[in-house]
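Q: For reference, this is protein-v8.txt, and it has compact mmCIF, C-alpha atoms.
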# COMPACT_ATOMS: atom_id res chain seq x y z
CA MET A 1 -37.08 -86.51 25.09
CA SER A 2 -40.20 -84.93 23.55
CA LEU A 3 -40.41 -82.47 26.43
CA ALA A 4 -36.76 -81.50 25.93
CA THR A 5 -37.34 -81.11 22.18
CA ALA A 6 -40.34 -78.88 22.88
CA VAL A 7 -38.26 -76.65 25.18
CA VAL A 8 -35.50 -76.33 22.58
CA ASP A 9 -38.01 -75.53 19.83
CA VAL A 10 -39.67 -72.73 21.80
CA ALA A 11 -36.33 -71.28 22.92
CA VAL A 12 -34.92 -71.32 19.38
CA ARG A 13 -38.03 -69.59 18.02
CA HIS A 14 -37.80 -66.78 20.56
CA ALA A 15 -34.01 -66.49 20.10
CA ALA A 16 -34.60 -65.27 16.53
CA GLY A 17 -31.16 -66.29 15.29
CA ARG A 18 -29.22 -65.35 18.42
CA ARG A 19 -27.26 -67.90 20.44
CA VAL A 20 -29.05 -69.03 23.61
CA THR A 21 -26.91 -69.33 26.74
CA ALA A 22 -29.65 -70.11 29.28
CA VAL A 23 -33.31 -71.14 29.40
CA GLU A 24 -35.43 -70.56 32.48
CA LEU A 25 -38.20 -73.16 32.75
CA ARG A 26 -40.95 -73.30 35.36
CA VAL A 27 -41.86 -76.92 36.11
CA GLY A 28 -44.87 -77.73 38.27
CA GLY A 29 -44.71 -80.41 40.93
CA MET A 30 -47.66 -82.17 39.27
CA ARG A 31 -45.70 -82.69 36.07
CA GLN A 32 -43.84 -85.96 36.05
CA VAL A 33 -40.59 -84.36 35.06
CA VAL A 34 -37.28 -85.64 36.41
CA PRO A 35 -35.10 -82.51 36.39
CA SER A 36 -31.80 -84.33 35.86
CA SER A 37 -33.24 -86.34 32.94
CA LEU A 38 -34.72 -83.23 31.36
CA SER A 39 -31.35 -81.45 31.61
CA PHE A 40 -29.61 -84.47 30.09
CA TYR A 41 -32.00 -84.64 27.13
CA PHE A 42 -32.02 -80.85 26.75
CA ALA A 43 -28.26 -80.99 26.18
CA ILE A 44 -28.69 -83.71 23.54
CA CYS A 45 -31.64 -82.04 21.78
CA GLY A 46 -29.84 -78.70 21.82
CA ARG A 47 -26.89 -79.94 19.79
CA ASP A 48 -26.46 -78.21 16.43
CA THR A 49 -29.13 -75.66 17.38
CA LEU A 50 -28.99 -72.16 18.86
CA CYS A 51 -29.38 -73.86 22.26
CA GLU A 52 -26.10 -75.78 22.00
CA ASP A 53 -24.31 -75.66 25.39
CA ALA A 54 -27.13 -73.56 26.87
CA ARG A 55 -27.88 -73.96 30.58
CA LEU A 56 -31.35 -75.18 31.55
CA GLU A 57 -32.50 -73.55 34.78
CA GLN A 58 -35.50 -75.36 36.19
CA VAL A 59 -37.63 -73.58 38.77
CA ILE A 60 -39.83 -76.13 40.53
CA VAL A 61 -43.31 -74.78 41.30
CA PRO A 62 -44.83 -76.64 44.26
CA THR A 63 -48.21 -78.32 43.86
CA ARG A 64 -50.85 -76.15 45.48
CA LEU A 65 -54.50 -77.16 45.93
CA ARG A 66 -57.57 -75.09 46.79
CA CYS A 67 -60.86 -76.29 48.18
CA GLU A 68 -63.67 -74.68 46.19
CA LYS A 69 -66.06 -75.20 49.10
CA CYS A 70 -64.22 -73.73 52.11
CA GLU A 71 -61.52 -71.89 50.10
CA SER A 72 -58.60 -73.25 52.11
CA GLU A 73 -55.32 -73.72 50.25
CA TRP A 74 -52.47 -76.11 50.94
CA GLU A 75 -49.44 -77.85 49.48
CA PRO A 76 -50.06 -81.62 49.63
CA ASP A 77 -47.39 -84.17 50.54
CA LEU A 78 -49.35 -86.91 48.79
CA PRO A 79 -51.58 -86.49 45.72
CA PHE A 80 -54.79 -86.64 47.76
CA PHE A 81 -57.41 -84.37 46.26
CA PHE A 82 -59.57 -84.09 49.34
CA CYS A 83 -59.81 -81.04 51.54
CA ALA A 84 -58.29 -81.74 54.97
CA SER A 85 -60.49 -79.01 56.52
CA CYS A 86 -63.97 -79.87 55.22
CA ALA A 87 -63.43 -83.25 53.42
CA SER A 88 -64.83 -81.88 50.15
CA SER A 89 -63.54 -83.44 46.95
CA ASP A 90 -64.22 -80.23 45.01
CA VAL A 91 -60.53 -79.47 44.92
CA LYS A 92 -58.74 -77.50 42.20
CA VAL A 93 -55.05 -77.43 41.32
CA VAL A 94 -53.96 -73.79 41.55
CA GLY A 95 -50.24 -74.42 41.19
CA GLY A 96 -48.00 -77.22 40.02
CA GLU A 97 -49.19 -77.85 36.46
CA GLU A 98 -46.73 -75.44 34.82
CA PHE A 99 -44.34 -76.44 32.08
CA GLU A 100 -43.55 -72.99 30.91
CA ILE A 101 -40.53 -71.21 29.49
CA GLU A 102 -40.23 -68.03 31.51
CA SER A 103 -37.27 -66.44 29.73
CA ILE A 104 -34.13 -67.09 27.75
CA ILE A 105 -30.72 -65.43 27.82
CA VAL A 106 -29.31 -64.73 24.36
CA GLU A 107 -26.04 -63.33 23.10
CA GLU A 108 -26.27 -60.22 21.02
CA ASP A 109 -23.53 -58.14 19.45
CA LYS A 110 -23.57 -54.39 19.97
CA GLU A 111 -24.75 -53.52 16.46
CA GLU A 112 -27.73 -55.85 16.81
CA ALA A 113 -28.46 -54.38 20.23
CA ALA A 114 -28.41 -50.85 18.83
CA CYS A 115 -30.68 -51.96 16.02
CA THR A 116 -33.08 -53.59 18.47
CA ALA A 117 -33.01 -50.52 20.72
CA SER A 118 -33.83 -48.17 17.84
CA LYS A 119 -37.00 -50.15 16.95
CA MET B 1 -21.10 -59.32 22.35
CA HIS B 2 -23.29 -59.12 25.43
CA ARG B 3 -26.15 -61.08 26.91
CA ILE B 4 -29.74 -60.00 27.24
CA LYS B 5 -32.74 -61.61 28.84
CA VAL B 6 -35.75 -62.24 26.57
CA LYS B 7 -39.09 -62.69 28.28
CA VAL B 8 -40.94 -65.69 26.81
CA VAL B 9 -43.71 -66.94 29.17
CA GLU B 10 -44.98 -69.68 26.88
CA ASP B 11 -46.17 -73.19 27.60
CA ALA B 12 -43.50 -75.44 26.14
CA LEU B 13 -46.20 -77.74 24.77
CA ASP B 14 -48.15 -75.01 22.96
CA ALA B 15 -47.16 -76.45 19.57
CA ASN B 16 -48.71 -79.80 20.50
CA ALA B 17 -51.83 -78.08 21.84
CA THR B 18 -52.28 -76.23 18.54
CA ILE B 19 -52.17 -79.45 16.51
CA ALA B 20 -54.46 -81.15 19.05
CA ARG B 21 -57.03 -78.37 18.46
CA ALA B 22 -56.77 -78.92 14.69
CA ASN B 23 -57.34 -82.64 15.23
CA ARG B 24 -60.32 -81.86 17.42
CA ASP B 25 -61.83 -79.63 14.74
CA ASP B 26 -61.45 -82.44 12.21
CA PHE B 27 -63.01 -84.96 14.60
CA ASP B 28 -65.96 -82.64 15.23
CA ARG B 29 -66.43 -82.06 11.52
CA HIS B 30 -66.70 -85.81 10.99
CA GLY B 31 -69.12 -86.14 13.94
CA MET B 32 -66.79 -88.65 15.54
CA THR B 33 -66.01 -89.26 19.20
CA VAL B 34 -62.35 -89.88 19.93
CA VAL B 35 -61.15 -91.79 22.97
CA ASN B 36 -57.51 -91.80 24.07
CA MET B 37 -56.84 -95.13 25.79
CA MET B 38 -53.76 -95.27 28.01
CA SER B 39 -52.12 -97.74 30.37
CA SER B 40 -48.84 -99.31 31.34
CA PRO B 41 -47.55 -102.00 28.96
CA GLY B 42 -49.41 -105.27 29.33
CA ALA B 43 -52.41 -103.95 31.29
CA GLY B 44 -54.74 -105.30 28.62
CA LYS B 45 -55.72 -102.41 26.35
CA THR B 46 -55.84 -104.50 23.18
CA ALA B 47 -57.58 -107.42 24.89
CA LEU B 48 -60.25 -105.05 26.26
CA LEU B 49 -60.68 -103.46 22.85
CA GLU B 50 -61.18 -106.88 21.30
CA ALA B 51 -63.69 -107.82 23.98
CA GLY B 52 -65.55 -104.50 23.97
CA LEU B 53 -65.70 -103.91 20.23
CA ARG B 54 -66.79 -107.44 19.45
CA GLY B 55 -70.57 -107.26 19.63
CA LEU B 56 -70.73 -103.46 19.79
CA GLU B 57 -73.80 -102.84 17.67
CA GLY B 58 -75.03 -99.53 16.30
CA VAL B 59 -71.62 -97.88 16.43
CA ARG B 60 -69.15 -97.68 13.57
CA ALA B 61 -65.85 -97.94 15.40
CA GLY B 62 -62.25 -97.66 14.27
CA VAL B 63 -58.93 -97.97 16.05
CA LEU B 64 -55.65 -96.13 15.75
CA GLU B 65 -52.84 -98.16 17.26
CA GLY B 66 -49.69 -96.58 18.66
CA ASP B 67 -46.65 -98.75 19.30
CA VAL B 68 -42.92 -98.27 19.32
CA GLN B 69 -42.63 -100.88 16.61
CA GLY B 70 -44.49 -103.73 14.98
CA SER B 71 -48.17 -104.10 14.16
CA TYR B 72 -49.10 -106.91 16.53
CA ASP B 73 -52.00 -104.99 18.11
CA ALA B 74 -53.33 -103.70 14.78
CA ASP B 75 -53.24 -107.25 13.39
CA ARG B 76 -55.34 -108.44 16.33
CA ILE B 77 -57.89 -105.64 15.89
CA ALA B 78 -58.04 -106.29 12.12
CA HIS B 79 -59.56 -109.68 12.91
CA LEU B 80 -62.66 -107.82 14.12
CA HIS B 81 -63.11 -106.49 10.56
CA ILE B 82 -63.15 -102.85 11.64
CA PRO B 83 -60.93 -100.05 10.26
CA VAL B 84 -57.55 -99.97 12.00
CA ALA B 85 -54.33 -98.07 11.36
CA GLN B 86 -50.94 -98.39 12.98
CA ILE B 87 -48.60 -95.61 14.05
CA GLN B 88 -45.04 -96.65 14.83
CA THR B 89 -43.08 -94.26 17.00
CA GLN B 90 -39.66 -95.83 16.46
CA ASN B 91 -38.34 -92.82 14.53
CA GLY B 92 -37.78 -91.05 17.82
CA PHE B 93 -34.81 -91.45 20.14
CA GLY B 94 -35.06 -95.20 20.69
CA GLY B 95 -38.79 -94.96 19.90
CA GLU B 96 -41.11 -92.36 21.39
CA CYS B 97 -42.92 -93.63 24.48
CA HIS B 98 -46.23 -91.86 23.73
CA LEU B 99 -48.37 -90.49 20.92
CA ASP B 100 -48.52 -86.74 20.42
CA ALA B 101 -51.04 -84.72 18.43
CA ASN B 102 -48.89 -84.69 15.30
CA MET B 103 -48.34 -88.44 15.28
CA VAL B 104 -52.09 -88.99 15.57
CA ARG B 105 -52.70 -86.51 12.76
CA SER B 106 -50.29 -88.44 10.53
CA GLY B 107 -52.26 -91.64 11.13
CA LEU B 108 -55.72 -90.23 10.35
CA ASN B 109 -55.28 -90.43 6.57
CA ALA B 110 -55.26 -94.22 6.79
CA LEU B 111 -58.76 -94.29 8.31
CA PRO B 112 -62.18 -93.69 6.69
CA LEU B 113 -63.15 -90.89 9.09
CA ASP B 114 -66.43 -90.17 7.33
CA LEU B 115 -67.57 -93.70 8.08
CA LEU B 116 -66.75 -93.70 11.80
CA ASP B 117 -68.76 -92.72 14.88
CA LEU B 118 -66.06 -93.69 17.33
CA LEU B 119 -62.29 -93.72 17.05
CA ILE B 120 -60.25 -95.28 19.81
CA VAL B 121 -56.60 -94.33 19.94
CA GLU B 122 -54.63 -97.00 21.76
CA ASN B 123 -51.66 -95.09 23.10
CA VAL B 124 -48.18 -96.49 23.68
CA GLY B 125 -48.04 -98.41 26.97
CA ASN B 126 -46.59 -95.96 29.50
CA LEU B 127 -47.97 -94.31 32.65
CA VAL B 128 -45.96 -91.10 32.35
CA CYS B 129 -45.64 -89.33 29.00
CA PRO B 130 -49.04 -90.07 27.37
CA ALA B 131 -50.68 -87.99 30.10
CA GLU B 132 -48.61 -84.97 29.05
CA PHE B 133 -49.68 -84.88 25.40
CA ARG B 134 -53.26 -84.13 24.37
CA ILE B 135 -54.16 -85.44 20.93
CA GLY B 136 -57.50 -83.68 20.41
CA GLU B 137 -59.50 -86.43 22.05
CA ASP B 138 -62.97 -86.10 23.59
CA LYS B 139 -62.29 -88.51 26.41
CA ARG B 140 -59.29 -90.00 28.09
CA ILE B 141 -59.53 -93.39 29.70
CA MET B 142 -57.00 -95.69 31.25
CA VAL B 143 -56.62 -99.37 31.91
CA THR B 144 -54.89 -100.57 35.02
CA SER B 145 -54.67 -104.16 36.15
CA VAL B 146 -54.70 -105.86 39.52
CA THR B 147 -51.18 -107.18 38.95
CA GLU B 148 -49.77 -103.64 39.08
CA GLY B 149 -50.11 -102.76 42.78
CA GLU B 150 -52.44 -100.63 44.87
CA ASP B 151 -50.07 -97.67 45.01
CA LYS B 152 -50.09 -96.79 41.32
CA PRO B 153 -52.58 -93.88 41.55
CA LEU B 154 -50.27 -92.26 44.11
CA LYS B 155 -47.18 -92.89 42.01
CA TYR B 156 -48.66 -91.68 38.73
CA PRO B 157 -51.22 -89.05 39.79
CA LEU B 158 -51.04 -87.11 36.54
CA MET B 159 -52.13 -90.16 34.55
CA PHE B 160 -54.84 -91.23 37.00
CA ARG B 161 -56.18 -87.68 37.18
CA ALA B 162 -56.13 -87.24 33.39
CA CYS B 163 -58.89 -89.76 32.74
CA GLU B 164 -62.61 -89.97 33.34
CA LEU B 165 -62.92 -93.76 33.16
CA VAL B 166 -60.59 -96.28 34.79
CA LEU B 167 -60.90 -99.90 33.71
CA VAL B 168 -59.49 -102.19 36.39
CA ASN B 169 -58.60 -105.28 34.39
CA LYS B 170 -57.66 -108.90 35.21
CA ILE B 171 -60.02 -109.10 38.20
CA ASP B 172 -60.25 -112.87 37.60
CA LEU B 173 -56.74 -113.02 39.11
CA LEU B 174 -57.77 -111.42 42.41
CA PRO B 175 -58.06 -114.75 44.32
CA HIS B 176 -54.44 -115.52 43.45
CA LEU B 177 -52.96 -112.14 44.38
CA ASP B 178 -52.31 -110.05 47.49
CA PHE B 179 -53.76 -107.04 45.66
CA ASP B 180 -55.98 -105.03 48.04
CA LEU B 181 -58.77 -103.82 45.75
CA ASP B 182 -60.38 -101.59 48.41
CA LEU B 183 -57.07 -99.87 49.09
CA PHE B 184 -56.50 -99.35 45.37
CA LEU B 185 -59.98 -97.83 44.96
CA HIS B 186 -59.36 -95.61 47.98
CA HIS B 187 -56.15 -94.32 46.39
CA LEU B 188 -57.92 -93.81 43.08
CA ASP B 189 -60.73 -91.85 44.77
CA ALA B 190 -58.16 -89.70 46.54
CA VAL B 191 -56.36 -88.83 43.31
CA ASN B 192 -59.38 -88.57 40.99
CA PRO B 193 -62.63 -88.37 42.99
CA GLY B 194 -64.85 -88.03 39.92
CA ALA B 195 -63.51 -90.90 37.85
CA ARG B 196 -65.84 -93.70 36.86
CA LYS B 197 -64.49 -97.17 37.59
CA LEU B 198 -65.26 -100.47 35.92
CA LEU B 199 -63.96 -103.77 37.25
CA VAL B 200 -63.38 -106.02 34.26
CA SER B 201 -61.70 -109.13 32.98
CA ALA B 202 -61.05 -109.29 29.27
CA ARG B 203 -60.32 -112.99 29.71
CA THR B 204 -63.54 -114.09 31.46
CA GLY B 205 -65.79 -111.29 30.15
CA ASP B 206 -66.65 -109.95 33.63
CA GLY B 207 -67.65 -106.29 33.33
CA VAL B 208 -67.23 -106.30 29.55
CA GLU B 209 -70.92 -105.60 28.95
CA GLU B 210 -70.64 -102.40 31.03
CA TRP B 211 -67.48 -101.44 29.11
CA ARG B 212 -69.30 -102.01 25.83
CA GLU B 213 -72.20 -99.87 27.06
CA TRP B 214 -69.78 -97.08 27.95
CA LEU B 215 -68.38 -97.23 24.40
CA TYR B 216 -71.88 -97.18 22.94
CA TYR B 217 -73.14 -94.19 24.94
CA THR B 218 -69.88 -92.29 24.48
CA ALA B 219 -70.23 -92.62 20.70
CA GLN B 220 -73.93 -91.69 20.84
CA GLY B 221 -73.14 -88.54 22.80
CA ALA B 222 -70.99 -87.15 20.03
CA LYS B 223 -73.39 -88.19 17.28
CA ALA B 224 -76.23 -86.43 19.04
CA THR B 225 -74.33 -83.15 19.03
CA ALA B 226 -72.77 -83.47 15.54
Represent the structure contained in this file as structure tokens.

A:
Amino acid sequence: MSLATAVVDVAVRHAAGRRVTAVELRVGGMRQVVPSSLSFYFAICGRDTLCEDARLEQVIVPTRLRCEKCESEWEPDLPFFFCASCASSDVKVVGGEEFEIESIIVEEDKEEAACTASK
Amino acid sequence: MHRIKVKVVEDALDANATIARANRDDFDRHGMTVVNMMSSPGAGKTALLEAGLRGLEGVRAGVLEGDVQGSYDADRIAHLHIPVAQIQTQNGFGGECHLDANMVRSGLNALPLDLLDLLIVENVGNLVCPAEFRIGEDKRIMVTSVTEGEDKPLKYPLMFRACELVLVNKIDLLPHLDFDLDLFLHHLDAVNPGARKLLVSARTGDGVEEWREWLYYTAQGAKATA
């Protein structure tokens, strides 16, 4: 619920008064987000806001780890933070921690568009 | 009317991170170490706080309790005669399942921050959402118990990776359970190789002295740099 609220808040701020029809969200595999639940709560949190009836498009970013010792990179099946090549535990997460709004689609009338274009 | 794409590229939790930084600045100004204590419901956070804070000498400690409703935990801590404040999260949708930076900020006014070396924030019992929300803490710790299963680090890696100390509670029950402690520790090492582990029982007092020492030295560390 709080995650959905946060997404709506950011989208509304960037919409600057325009109606939002879609939100593109990048969600890392390390985040414990259940996409269907997030969509469900996004719809509830979006009511009576500029995000009402907006579509939430979730792009899942796979978890990707890198060994700092031998520099190998892999996508783990299990959350084991050991390097399979050299057994080092000096492993960094290089992908999969995202919870980031990439873009939003907003509706704009032609006058507003012309105004925006002239700026 | 037509549709246009607006580039955003912003972490959805930036607003929380901003408030967490403000909390952190306040904590630093007061020379206070703040520990965010997390676990599933019933793992024994409050019992371990009671055991660890009782007899903790040389540290002025306070507790901020987070619960969906009620003040049962705060009432227990109040018996130790240390400052305690309660945050109730029930104003959310059915009650928020975690504390965020803003909720913690709202609870700070009820505590004498100038008089504290150590503030422990007992988060709402939940292995998922508390790991997502920083509150401005110095250290994150978690309590797990031997009644919860060996697979929990693999099921909740974000939580087990988020902390630097894991208290494994209720070890007095080990003779009565099928819990494979070695397998659990193996899973924990795989998920968070650098985490410190303490095997404890709030009920019998096993490991509590080490837990109390951790609290003491954690508080001293912040005081030394304040």

Q: At what distance in Å, to one decimal, does atom CA of Leu65 of chain A lie from atom CA of His186 of chain B?

A: 19.2 Å

Q: With 10 Å as the cut-off and all atoms listed in the file counted, what is the closest atom pair between each nearby residue of chain B and chain A? Distances in Å to one decimal, ordered by chain and number, as JSON lines.

A:
{"residue": "B:Met1", "atom": "CA", "partner": "A:Asp109", "partner_atom": "CA", "distance": 4.0}
{"residue": "B:His2", "atom": "CA", "partner": "A:Glu108", "partner_atom": "CA", "distance": 5.4}
{"residue": "B:Arg3", "atom": "CA", "partner": "A:Glu107", "partner_atom": "CA", "distance": 4.4}
{"residue": "B:Ile4", "atom": "CA", "partner": "A:Ile105", "partner_atom": "CA", "distance": 5.5}
{"residue": "B:Lys5", "atom": "CA", "partner": "A:Ile105", "partner_atom": "CA", "distance": 4.4}
{"residue": "B:Val6", "atom": "CA", "partner": "A:Ile104", "partner_atom": "CA", "distance": 5.2}
{"residue": "B:Lys7", "atom": "CA", "partner": "A:Ser103", "partner_atom": "CA", "distance": 4.4}
{"residue": "B:Val8", "atom": "CA", "partner": "A:Ser103", "partner_atom": "CA", "distance": 4.7}
{"residue": "B:Val9", "atom": "CA", "partner": "A:Glu102", "partner_atom": "CA", "distance": 4.3}
{"residue": "B:Glu10", "atom": "CA", "partner": "A:Ile101", "partner_atom": "CA", "distance": 5.4}
{"residue": "B:Asp11", "atom": "CA", "partner": "A:Glu100", "partner_atom": "CA", "distance": 4.2}
{"residue": "B:Ala12", "atom": "CA", "partner": "A:Glu100", "partner_atom": "CA", "distance": 5.4}
{"residue": "B:Leu13", "atom": "CA", "partner": "A:Ala6", "partner_atom": "CA", "distance": 6.3}
{"residue": "B:Asp14", "atom": "CA", "partner": "A:Ala6", "partner_atom": "CA", "distance": 8.7}
{"residue": "B:Ala15", "atom": "CA", "partner": "A:Ala6", "partner_atom": "CA", "distance": 8.0}
{"residue": "B:Asn16", "atom": "CA", "partner": "A:Ala6", "partner_atom": "CA", "distance": 8.8}
{"residue": "B:Gly92", "atom": "CA", "partner": "A:Met1", "partner_atom": "CA", "distance": 8.6}
{"residue": "B:Phe93", "atom": "CA", "partner": "A:Met1", "partner_atom": "CA", "distance": 7.4}
{"residue": "B:Gly94", "atom": "CA", "partner": "A:Met1", "partner_atom": "CA", "distance": 9.9}
{"residue": "B:Glu96", "atom": "CA", "partner": "A:Ser2", "partner_atom": "CA", "distance": 7.8}
{"residue": "B:Cys97", "atom": "CA", "partner": "A:Ser2", "partner_atom": "CA", "distance": 9.2}
{"residue": "B:His98", "atom": "CA", "partner": "A:Ser2", "partner_atom": "CA", "distance": 9.2}
{"residue": "B:Asp100", "atom": "CA", "partner": "A:Ser2", "partner_atom": "CA", "distance": 9.1}
{"residue": "B:Leu127", "atom": "CA", "partner": "A:Gln32", "partner_atom": "CA", "distance": 9.9}
{"residue": "B:Val128", "atom": "CA", "partner": "A:Gln32", "partner_atom": "CA", "distance": 6.7}
{"residue": "B:Cys129", "atom": "CA", "partner": "A:Gln32", "partner_atom": "CA", "distance": 8.0}
{"residue": "B:Ala131", "atom": "CA", "partner": "A:Gln32", "partner_atom": "CA", "distance": 9.3}
{"residue": "B:Glu132", "atom": "CA", "partner": "A:Arg31", "partner_atom": "CA", "distance": 7.9}
{"residue": "B:Phe133", "atom": "CA", "partner": "A:Leu3", "partner_atom": "CA", "distance": 9.6}
{"residue": "B:Pro153", "atom": "CA", "partner": "A:Pro79", "partner_atom": "CA", "distance": 8.5}
{"residue": "B:Leu154", "atom": "CA", "partner": "A:Pro79", "partner_atom": "CA", "distance": 6.1}
{"residue": "B:Lys155", "atom": "CA", "partner": "A:Pro79", "partner_atom": "CA", "distance": 8.6}
{"residue": "B:Tyr156", "atom": "CA", "partner": "A:Gln32", "partner_atom": "CA", "distance": 7.9}
{"residue": "B:Pro157", "atom": "CA", "partner": "A:Pro79", "partner_atom": "CA", "distance": 6.5}
{"residue": "B:Leu158", "atom": "CA", "partner": "A:Met30", "partner_atom": "CA", "distance": 6.6}
{"residue": "B:Met159", "atom": "CA", "partner": "A:Gln32", "partner_atom": "CA", "distance": 9.4}
{"residue": "B:Arg161", "atom": "CA", "partner": "A:Phe81", "partner_atom": "CA", "distance": 9.7}
{"residue": "B:His187", "atom": "CA", "partner": "A:Phe80", "partner_atom": "CA", "distance": 7.9}
{"residue": "B:Leu188", "atom": "CA", "partner": "A:Phe80", "partner_atom": "CA", "distance": 9.1}
{"residue": "B:Asp189", "atom": "CA", "partner": "A:Phe81", "partner_atom": "CA", "distance": 8.3}
{"residue": "B:Ala190", "atom": "CA", "partner": "A:Phe80", "partner_atom": "CA", "distance": 4.7}
{"residue": "B:Val191", "atom": "CA", "partner": "A:Phe80", "partner_atom": "CA", "distance": 5.2}
{"residue": "B:Asn192", "atom": "CA", "partner": "A:Phe81", "partner_atom": "CA", "distance": 7.0}
{"residue": "B:Pro193", "atom": "CA", "partner": "A:Ser89", "partner_atom": "CA", "distance": 6.4}
{"residue": "B:Gly194", "atom": "CA", "partner": "A:Ser89", "partner_atom": "CA", "distance": 8.5}

Q: Which neighbours of segment 23-38 of chain B fall inside 9 Å, counting all atoms listed in the file, when residues of the same chain fewer than 4 positions from it are skipped, and could you give them as number ranges by chain?

A: B: 18-19, 45, 101-102, 104-105, 113-127, 130-131, 134-144, 159, 163, 218-226

Q: Env of segment 172-182 of chain B: 7 Å cut, atoms = all atoms listed in the file, seq-sep filter 6 positions within chain, self excluded. Answer as a VMD selection string.

A: chain B and resid 146 149 to 150 201

Q: Just the number, please: distance in Å from atom CA of Arg212 of chain B to atom CA of Asp73 of chain B, one decimal.

A: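 So the two atoms, atom CA of Arg212 of chain B and atom CA of Asp73 of chain B, lie 19.2 Å apart.
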
Q: Report, in Å with one decimal, the straight-line distance from atom CA of Glu50 of chain B to atom CA of Leu80 of chain B.

A: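 So the two atoms, atom CA of Glu50 of chain B and atom CA of Leu80 of chain B, lie 7.4 Å apart.
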
Q: Render segment 56-61 of chain A from the structure in the preceding block as a file of all heavy atoms, as a compact mmCIF listing (two decimals), in the first residue's frame.

A:
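Contents of the output file part.txt:
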# COMPACT_ATOMS: atom_id res chain seq x y z
N LEU A 56 -0.62 0.74 -14.80
CA LEU A 56 0.72 0.62 -14.22
C LEU A 56 1.49 -0.45 -14.99
O LEU A 56 1.12 -1.63 -14.96
CB LEU A 56 0.63 0.24 -12.73
CG LEU A 56 1.97 0.12 -12.00
CD1 LEU A 56 2.69 1.47 -11.94
CD2 LEU A 56 1.76 -0.42 -10.58
N GLU A 57 2.54 -0.02 -15.68
CA GLU A 57 3.35 -0.98 -16.46
C GLU A 57 4.61 -1.28 -15.67
O GLU A 57 5.44 -0.39 -15.47
CB GLU A 57 3.71 -0.38 -17.82
CG GLU A 57 2.51 -0.15 -18.71
CD GLU A 57 2.84 0.70 -19.93
OE1 GLU A 57 4.02 1.09 -20.09
OE2 GLU A 57 1.91 0.98 -20.70
N GLN A 58 4.73 -2.51 -15.21
CA GLN A 58 5.89 -2.87 -14.39
C GLN A 58 6.91 -3.64 -15.23
O GLN A 58 6.60 -4.68 -15.80
CB GLN A 58 5.45 -3.73 -13.20
CG GLN A 58 4.47 -2.98 -12.30
CD GLN A 58 4.00 -3.83 -11.14
OE1 GLN A 58 4.80 -4.35 -10.37
NE2 GLN A 58 2.70 -3.98 -11.02
N VAL A 59 8.11 -3.09 -15.29
CA VAL A 59 9.20 -3.75 -16.00
C VAL A 59 10.09 -4.40 -14.94
O VAL A 59 10.67 -3.69 -14.09
CB VAL A 59 10.03 -2.73 -16.82
CG1 VAL A 59 11.18 -3.42 -17.52
CG2 VAL A 59 9.12 -2.01 -17.81
N ILE A 60 10.14 -5.71 -14.93
CA ILE A 60 10.92 -6.41 -13.91
C ILE A 60 12.39 -6.45 -14.32
O ILE A 60 12.73 -6.91 -15.40
CB ILE A 60 10.40 -7.85 -13.70
CG1 ILE A 60 8.88 -7.84 -13.43
CG2 ILE A 60 11.16 -8.54 -12.57
CD1 ILE A 60 8.44 -7.09 -12.19
N VAL A 61 13.25 -5.93 -13.46
CA VAL A 61 14.70 -5.93 -13.72
C VAL A 61 15.30 -7.12 -12.98
O VAL A 61 15.19 -7.21 -11.76
CB VAL A 61 15.36 -4.63 -13.21
CG1 VAL A 61 16.84 -4.61 -13.53
CG2 VAL A 61 14.65 -3.41 -13.78
